[in-house]
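As stored in protein.cif (mmCIF, C-alpha atoms and all ligand atoms; chains and numbers go by the auth columns):
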data_protein
#
loop_
_atom_site.group_PDB
_atom_site.id
_atom_site.type_symbol
_atom_site.label_atom_id
_atom_site.label_comp_id
_atom_site.label_asym_id
_atom_site.label_seq_id
_atom_site.Cartn_x
_atom_site.Cartn_y
_atom_site.Cartn_z
_atom_site.B_iso_or_equiv
_atom_site.auth_seq_id
_atom_site.auth_asym_id
ATOM 1 C CA MET A 1 -11.297 7.901 13.827 0.00 10 A
ATOM 2 C CA ASP A 2 -14.240 7.049 11.545 0.00 11 A
ATOM 3 C CA LEU A 3 -11.825 6.105 8.732 0.00 12 A
ATOM 4 C CA ALA A 4 -9.593 4.122 11.084 0.00 13 A
ATOM 5 C CA ARG A 5 -12.626 2.118 12.162 0.00 14 A
ATOM 6 C CA ALA A 6 -14.060 1.686 8.657 0.00 15 A
ATOM 7 C CA ARG A 7 -10.888 0.429 6.907 0.00 16 A
ATOM 8 C CA PHE A 8 -10.124 -3.274 6.617 0.00 17 A
ATOM 9 C CA ALA A 9 -7.962 -5.405 4.346 0.00 18 A
ATOM 10 C CA VAL A 10 -9.884 -6.243 1.159 0.00 19 A
ATOM 11 C CA ARG A 11 -8.734 -9.417 -0.599 0.00 20 A
ATOM 12 C CA GLU A 12 -11.487 -9.798 -3.212 0.00 21 A
ATOM 13 C CA TYR A 13 -12.277 -7.066 -5.721 0.00 22 A
ATOM 14 C CA ALA A 14 -15.009 -6.206 -8.213 0.00 23 A
ATOM 15 C CA GLN A 15 -13.648 -5.706 -11.716 0.00 24 A
ATOM 16 C CA THR A 16 -15.229 -2.238 -11.858 0.00 25 A
ATOM 17 C CA PRO A 17 -12.536 0.219 -12.991 0.00 26 A
ATOM 18 C CA VAL A 18 -11.399 2.849 -10.491 0.00 27 A
ATOM 19 C CA GLU A 19 -12.183 6.365 -11.719 0.00 28 A
ATOM 20 C CA GLN A 20 -9.110 8.445 -12.648 0.00 29 A
ATOM 21 C CA ALA A 21 -10.319 11.262 -10.338 0.00 30 A
ATOM 22 C CA LYS A 22 -10.164 8.826 -7.411 0.00 31 A
ATOM 23 C CA ILE A 23 -6.689 7.612 -8.379 0.00 32 A
ATOM 24 C CA ASP A 24 -5.610 11.262 -8.596 0.00 33 A
ATOM 25 C CA SER A 25 -7.023 11.990 -5.173 0.00 34 A
ATOM 26 C CA ILE A 26 -5.318 8.943 -3.617 0.00 35 A
ATOM 27 C CA LEU A 27 -1.984 9.988 -5.145 0.00 36 A
ATOM 28 C CA GLU A 28 -2.492 13.567 -3.935 0.00 37 A
ATOM 29 C CA ALA A 29 -3.103 12.351 -0.362 0.00 38 A
ATOM 30 C CA GLY A 30 0.197 10.467 -0.601 0.00 39 A
ATOM 31 C CA ARG A 31 1.959 13.532 -1.993 0.00 40 A
ATOM 32 C CA LEU A 32 0.979 15.513 1.113 0.00 41 A
ATOM 33 C CA ALA A 33 2.555 13.008 3.515 0.00 42 A
ATOM 34 C CA PRO A 34 5.544 14.000 5.622 0.00 43 A
ATOM 35 C CA THR A 35 8.886 12.343 4.888 0.00 44 A
ATOM 36 C CA ALA A 36 12.259 12.483 6.610 0.00 45 A
ATOM 37 C CA LYS A 37 13.960 15.831 5.902 0.00 46 A
ATOM 38 C CA ASN A 38 11.108 16.394 3.430 0.00 47 A
ATOM 39 C CA VAL A 39 13.164 14.567 0.832 0.00 48 A
ATOM 40 C CA GLN A 40 10.055 12.860 -0.672 0.00 49 A
ATOM 41 C CA PRO A 41 11.959 9.795 -1.883 0.00 50 A
ATOM 42 C CA GLN A 42 8.774 7.942 -2.855 0.00 51 A
ATOM 43 C CA HIS A 43 8.051 6.865 -6.398 0.00 52 A
ATOM 44 C CA ILE A 44 4.711 5.254 -7.063 0.00 53 A
ATOM 45 C CA TYR A 45 3.988 3.025 -10.020 0.00 54 A
ATOM 46 C CA VAL A 46 0.275 2.746 -10.801 0.00 55 A
ATOM 47 C CA LEU A 47 -0.206 -0.729 -12.236 0.00 56 A
ATOM 48 C CA GLN A 48 -3.485 -0.848 -14.131 0.00 57 A
ATOM 49 C CA SER A 49 -2.918 -2.023 -17.698 0.00 58 A
ATOM 50 C CA PRO A 50 -4.089 -5.615 -18.311 0.00 59 A
ATOM 51 C CA GLU A 51 -0.426 -6.584 -18.921 0.00 60 A
ATOM 52 C CA ALA A 52 0.803 -5.025 -15.668 0.00 61 A
ATOM 53 C CA ILE A 53 -2.058 -6.523 -13.637 0.00 62 A
ATOM 54 C CA ALA A 54 -1.439 -9.982 -15.117 0.00 63 A
ATOM 55 C CA LYS A 55 2.274 -9.656 -14.376 0.00 64 A
ATOM 56 C CA ILE A 56 1.883 -8.599 -10.742 0.00 65 A
ATOM 57 C CA ASN A 57 -0.611 -11.423 -10.146 0.00 66 A
ATOM 58 C CA GLU A 58 1.967 -13.876 -11.487 0.00 67 A
ATOM 59 C CA LEU A 59 4.583 -12.488 -9.107 0.00 68 A
ATOM 60 C CA THR A 60 2.511 -12.563 -5.921 0.00 69 A
ATOM 61 C CA ARG A 61 -0.643 -14.253 -4.746 0.00 70 A
ATOM 62 C CA CYS A 62 -1.449 -11.093 -2.776 0.00 71 A
ATOM 63 C CA ALA A 63 -2.344 -8.679 -5.581 0.00 72 A
ATOM 64 C CA TYR A 64 -5.815 -10.234 -5.376 0.00 73 A
ATOM 65 C CA HIS A 65 -6.686 -9.291 -8.994 0.00 74 A
ATOM 66 C CA ALA A 66 -7.470 -5.739 -7.924 0.00 75 A
ATOM 67 C CA PRO A 67 -8.012 -3.412 -10.917 0.00 76 A
ATOM 68 C CA VAL A 68 -5.278 -1.058 -9.648 0.00 77 A
ATOM 69 C CA VAL A 69 -2.123 -1.929 -7.726 0.00 78 A
ATOM 70 C CA PHE A 70 0.060 0.861 -6.379 0.00 79 A
ATOM 71 C CA LEU A 71 3.680 -0.258 -6.280 0.00 80 A
ATOM 72 C CA VAL A 72 5.255 2.089 -3.747 0.00 81 A
ATOM 73 C CA CYS A 73 9.031 2.472 -4.012 0.00 82 A
ATOM 74 C CA TYR A 74 11.660 4.783 -2.610 0.00 83 A
ATOM 75 C CA ASP A 75 14.635 6.288 -4.341 0.00 84 A
ATOM 76 C CA THR A 76 17.814 4.946 -2.768 0.00 85 A
ATOM 77 C CA GLU A 77 19.760 7.944 -4.106 0.00 86 A
ATOM 78 C CA LEU A 78 17.478 10.499 -2.437 0.00 87 A
ATOM 79 C CA VAL A 79 16.420 8.797 0.769 0.00 88 A
ATOM 80 C CA TRP A 80 17.589 10.245 4.079 0.00 89 A
ATOM 81 C CA THR A 81 20.247 7.993 5.617 0.00 90 A
ATOM 82 C CA LYS A 82 21.851 8.145 9.047 0.00 91 A
ATOM 83 C CA ASP A 83 24.199 5.703 10.769 0.00 92 A
ATOM 84 C CA GLY A 84 23.793 3.246 7.911 0.00 93 A
ATOM 85 C CA GLU A 85 19.980 3.146 8.102 0.00 94 A
ATOM 86 C CA ASN A 86 17.624 4.883 5.748 0.00 95 A
ATOM 87 C CA SER A 87 14.053 6.016 6.307 0.00 96 A
ATOM 88 C CA GLY A 88 12.747 4.656 2.971 0.00 97 A
ATOM 89 C CA ASN A 89 10.271 2.161 4.350 0.00 98 A
ATOM 90 C CA MET A 90 9.097 4.650 6.986 0.00 99 A
ATOM 91 C CA ASP A 91 8.603 7.360 4.377 0.00 100 A
ATOM 92 C CA CYS A 92 6.753 4.969 2.078 0.00 101 A
ATOM 93 C CA SER A 93 4.598 3.754 4.960 0.00 102 A
ATOM 94 C CA ILE A 94 3.413 7.260 5.789 0.00 103 A
ATOM 95 C CA VAL A 95 2.744 7.993 2.111 0.00 104 A
ATOM 96 C CA GLY A 96 0.940 4.648 1.823 0.00 105 A
ATOM 97 C CA THR A 97 -1.145 5.220 4.928 0.00 106 A
ATOM 98 C CA HIS A 98 -2.335 8.571 3.561 0.00 107 A
ATOM 99 C CA MET A 99 -3.229 6.795 0.301 0.00 108 A
ATOM 100 C CA MET A 100 -4.958 3.910 2.059 0.00 109 A
ATOM 101 C CA MET A 101 -7.077 6.246 4.165 0.00 110 A
ATOM 102 C CA GLU A 102 -8.042 8.411 1.177 0.00 111 A
ATOM 103 C CA ALA A 103 -9.049 5.258 -0.711 0.00 112 A
ATOM 104 C CA THR A 104 -11.225 4.301 2.267 0.00 113 A
ATOM 105 C CA GLU A 105 -12.781 7.777 2.292 0.00 114 A
ATOM 106 C CA LEU A 106 -13.600 7.340 -1.420 0.00 115 A
ATOM 107 C CA GLY A 107 -15.375 4.025 -0.851 0.00 116 A
ATOM 108 C CA LEU A 108 -12.515 1.872 -2.164 0.00 117 A
ATOM 109 C CA GLY A 109 -10.888 -1.158 -0.604 0.00 118 A
ATOM 110 C CA THR A 110 -7.143 -1.712 -0.228 0.00 119 A
ATOM 111 C CA CYS A 111 -4.778 -4.295 1.209 0.00 120 A
ATOM 112 C CA TRP A 112 -1.240 -3.548 2.342 0.00 121 A
ATOM 113 C CA VAL A 113 1.014 -6.214 0.827 0.00 122 A
ATOM 114 C CA LYS A 114 4.553 -7.234 1.707 0.00 123 A
ATOM 115 C CA TRP A 115 4.295 -10.755 0.261 0.00 124 A
ATOM 116 C CA PHE A 116 6.420 -10.371 -2.869 0.00 125 A
ATOM 117 C CA ASP A 117 10.064 -10.428 -3.852 0.00 126 A
ATOM 118 C CA PRO A 118 11.171 -6.785 -4.370 0.00 127 A
ATOM 119 C CA ALA A 119 14.029 -7.766 -6.699 0.00 128 A
ATOM 120 C CA GLU A 120 11.722 -9.899 -8.857 0.00 129 A
ATOM 121 C CA VAL A 121 9.135 -7.121 -9.076 0.00 130 A
ATOM 122 C CA ALA A 122 11.790 -4.499 -9.864 0.00 131 A
ATOM 123 C CA ALA A 123 13.115 -6.665 -12.696 0.00 132 A
ATOM 124 C CA ALA A 124 9.688 -7.537 -14.075 0.00 133 A
ATOM 125 C CA PHE A 125 8.648 -3.863 -14.283 0.00 134 A
ATOM 126 C CA ASP A 126 12.032 -2.628 -15.492 0.00 135 A
ATOM 127 C CA LEU A 127 12.467 -0.252 -12.580 0.00 136 A
ATOM 128 C CA PRO A 128 15.579 1.901 -12.481 0.00 137 A
ATOM 129 C CA ALA A 129 18.175 0.500 -10.075 0.00 138 A
ATOM 130 C CA ASN A 130 17.540 3.325 -7.579 0.00 139 A
ATOM 131 C CA HIS A 131 13.785 2.584 -7.201 0.00 140 A
ATOM 132 C CA LYS A 132 13.446 0.072 -4.389 0.00 141 A
ATOM 133 C CA PRO A 133 9.984 -1.487 -3.932 0.00 142 A
ATOM 134 C CA SER A 134 8.647 -1.071 -0.391 0.00 143 A
ATOM 135 C CA PHE A 135 5.124 -2.513 -0.577 0.00 144 A
ATOM 136 C CA LEU A 136 2.112 -3.039 -2.827 0.00 145 A
ATOM 137 C CA LEU A 137 -1.302 -1.532 -2.303 0.00 146 A
ATOM 138 C CA PRO A 138 -3.965 -3.323 -4.355 0.00 147 A
ATOM 139 C CA CYS A 139 -6.978 -1.016 -4.654 0.00 148 A
ATOM 140 C CA GLY A 140 -10.500 -1.228 -6.042 0.00 149 A
ATOM 141 C CA TYR A 141 -14.131 -1.652 -5.174 0.00 150 A
ATOM 142 C CA ALA A 142 -14.617 -4.581 -2.835 0.00 151 A
ATOM 143 C CA ALA A 143 -16.415 -7.566 -4.354 0.00 152 A
ATOM 144 C CA GLU A 144 -20.015 -7.866 -3.261 0.00 153 A
ATOM 145 C CA GLY A 145 -20.444 -9.197 0.232 0.00 154 A
ATOM 146 C CA VAL A 146 -16.762 -8.984 1.225 0.00 155 A
ATOM 147 C CA GLN A 147 -16.387 -8.927 4.972 0.00 156 A
ATOM 148 C CA PRO A 148 -13.330 -8.253 7.121 0.00 157 A
ATOM 149 C CA HIS A 149 -11.226 -11.276 8.062 0.00 158 A
ATOM 150 C CA ALA A 150 -11.494 -12.342 11.728 0.00 159 A
ATOM 151 C CA ASN A 151 -8.050 -10.755 12.314 0.00 160 A
ATOM 152 C CA HIS A 152 -9.582 -7.358 11.746 0.00 161 A
ATOM 153 C CA PHE A 153 -11.515 -7.658 14.983 0.00 162 A
ATOM 154 C CA ASN A 154 -8.562 -8.925 16.968 0.00 163 A
ATOM 155 C CA ARG A 155 -6.614 -5.989 18.371 0.00 164 A
ATOM 156 C CA LYS A 156 -4.605 -6.067 21.572 0.00 165 A
ATOM 157 C CA PRO A 157 -5.809 -3.822 24.365 0.00 166 A
ATOM 158 C CA LEU A 158 -3.772 -0.652 24.880 0.00 167 A
ATOM 159 C CA SER A 159 -2.608 -2.064 28.221 0.00 168 A
ATOM 160 C CA GLU A 160 -0.457 -4.554 26.237 0.00 169 A
ATOM 161 C CA THR A 161 1.031 -2.090 23.777 0.00 170 A
ATOM 162 C CA VAL A 162 1.374 1.174 25.679 0.00 171 A
ATOM 163 C CA THR A 163 3.574 2.094 28.621 0.00 172 A
ATOM 164 C CA TYR A 164 3.453 5.463 30.334 0.00 173 A
ATOM 165 C CA LYS A 165 6.725 6.487 31.958 0.00 174 A
HETATM 166 C C1 LIG B . 3.302 -4.278 6.812 0.00 201 A
HETATM 167 C C2 LIG B . 2.090 -5.083 6.401 0.00 201 A
HETATM 168 C C3 LIG B . 2.260 -6.148 5.530 0.00 201 A
HETATM 169 C C4 LIG B . 1.139 -6.882 5.099 0.00 201 A
HETATM 170 N N1 LIG B . 1.314 -7.849 4.149 0.00 201 A
HETATM 171 C C5 LIG B . 0.227 -8.508 3.697 0.00 201 A
HETATM 172 C C6 LIG B . 0.367 -9.442 2.630 0.00 201 A
HETATM 173 O O1 LIG B . 1.444 -9.640 2.077 0.00 201 A
HETATM 174 N N2 LIG B . -0.750 -10.104 2.218 0.00 201 A
HETATM 175 C C7 LIG B . -1.981 -9.873 2.769 0.00 201 A
HETATM 176 O O2 LIG B . -2.958 -10.485 2.340 0.00 201 A
HETATM 177 N N3 LIG B . -2.148 -8.984 3.774 0.00 201 A
HETATM 178 C C8 LIG B . -1.069 -8.290 4.244 0.00 201 A
HETATM 179 N N4 LIG B . -1.231 -7.346 5.224 0.00 201 A
HETATM 180 C C9 LIG B . -2.564 -7.080 5.788 0.00 201 A
HETATM 181 C C10 LIG B . -2.675 -7.560 7.246 0.00 201 A
HETATM 182 O O3 LIG B . -2.677 -8.964 7.297 0.00 201 A
HETATM 183 C C11 LIG B . -3.949 -6.981 7.853 0.00 201 A
HETATM 184 O O4 LIG B . -3.912 -5.575 7.752 0.00 201 A
HETATM 185 C C12 LIG B . -4.115 -7.378 9.318 0.00 201 A
HETATM 186 O O5 LIG B . -4.350 -8.763 9.414 0.00 201 A
HETATM 187 C C13 LIG B . -5.253 -6.651 10.016 0.00 201 A
HETATM 188 O O6 LIG B . -6.453 -6.822 9.312 0.00 201 A
HETATM 189 P P1 LIG B . -7.284 -5.566 8.774 0.00 201 A
HETATM 190 O O7 LIG B . -6.376 -4.774 7.862 0.00 201 A
HETATM 191 O O8 LIG B . -8.443 -6.159 8.031 0.00 201 A
HETATM 192 O O9 LIG B . -7.700 -4.750 9.951 0.00 201 A
HETATM 193 C C14 LIG B . -0.147 -6.593 5.639 0.00 201 A
HETATM 194 C C15 LIG B . -0.292 -5.508 6.510 0.00 201 A
HETATM 195 C C16 LIG B . 0.803 -4.756 6.877 0.00 201 A
HETATM 196 C C17 LIG B . 0.592 -3.564 7.790 0.00 201 A
#
Can the structure from this file be put into structure tokens for me?
Amino acid sequence: MDLARARFAVREYAQTPVEQAKIDSILEAGRLAPTAKNVQPQHIYVLQSPEAIAKINELTRCAYHAPVVFLVCYDTELVWTKDGENSGNMDCSIVGTHMMMEATELGLGTCWVKWFDPAEVAAAFDLPANHKPSFLLPCGYAAEGVQPHANHFNRKPLSETVTYK
């Protein structure tokens, strides 16, 4: 509950590098996430070289020049599929939520990002055809003085989003 309350979308980052031990810990939290049928179809690209960071910032305005951007994909050849629908985005979302919360625990900011063209990103980073981008998670130390956007404080009451039957 403390982490859920502390986290907010960070859209401005310090250029301080993220320690490898913290990246490892974030990836480990994602590794422990449940996935449909335990197939673990996720594949995570850690974008951090100057070339990769420049490229992702050219492809979306929502990478926010973070020092690390996790590009979370799922493997279309592994993912659990039923009745024509696969659980790739669900699996990636659980993995990503674990990662986002661990980043918060470690004092890092993140922002969940859907604002990009998956095909463009896949081509730009030479991804194999079976790695489908799900979302981006820019990550780093928040720039000094960054505050949550007003949206952060605007949550519907449970009475609007929950029904007991
Ligand atoms: C599925 C999803 C997609 C999102 N896509 C973007 C995005 O492309 N760009 C962005 O700046 N924020 C994006 N966000 C962040 C939300 O706008 C933000 O989480 C929401 O306004 C609540 O604010 P908070 O995270 O500060 O509590 C996304 C969040 C989610 C869950």
Name the closest residue to ligand LIG 201 (chain A) among the candidates A:Tyr54, A:Trp89, A:Phe134, A:Phe144; distances are taken between atoms, counting all atoms listed in the file.
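Using all atoms listed in the file, the shortest distance to ligand LIG 201 (chain A) belongs to A:Phe144.
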I need the residue nearest ligand LIG 201 (chain A) from this list: A:Arg164, A:Lys31, A:Lys64, A:His107. Use only C-alpha atoms and all ligand atoms for the distance.
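Of all the options, A:Arg164 lies closest to ligand LIG 201 (chain A).
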Using all atoms listed in the file, the residue out of A:Tyr173, A:Tyr73, A:Phe125, A:Phe79 with shortest distance to Val104 in chain A is A:Phe79
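With all atoms listed in the file as the basis for measurement, A:His158 is the residue among A:Lys141, A:His158, A:Lys174, A:Lys165 that approaches Ala18 in chain A most closely.
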Would you kindly return, as a PyMOL selection string, each protein, DNA or RNA residue with an atom no farther than 8 Å from any atom of Cys120 in chain A, considering all atoms listed in the file and excluding same-chain residues fewer than 2 positions away?
chain A and resi 17-20+118+122+146-148
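When CA of Tyr22 in chain A is paired with atom O2 of ligand LIG 201 (chain A), their separation reads 12.8 Å.
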Determine the nearest neighbour of Glu28 in chain A from the options A:Gly149, A:Met110, A:Cys82, A:His140, counting only C-alpha atoms.
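Among A:Gly149, A:Met110, A:Cys82, A:His140, it is A:Gly149 that comes nearest to Glu28 in chain A.
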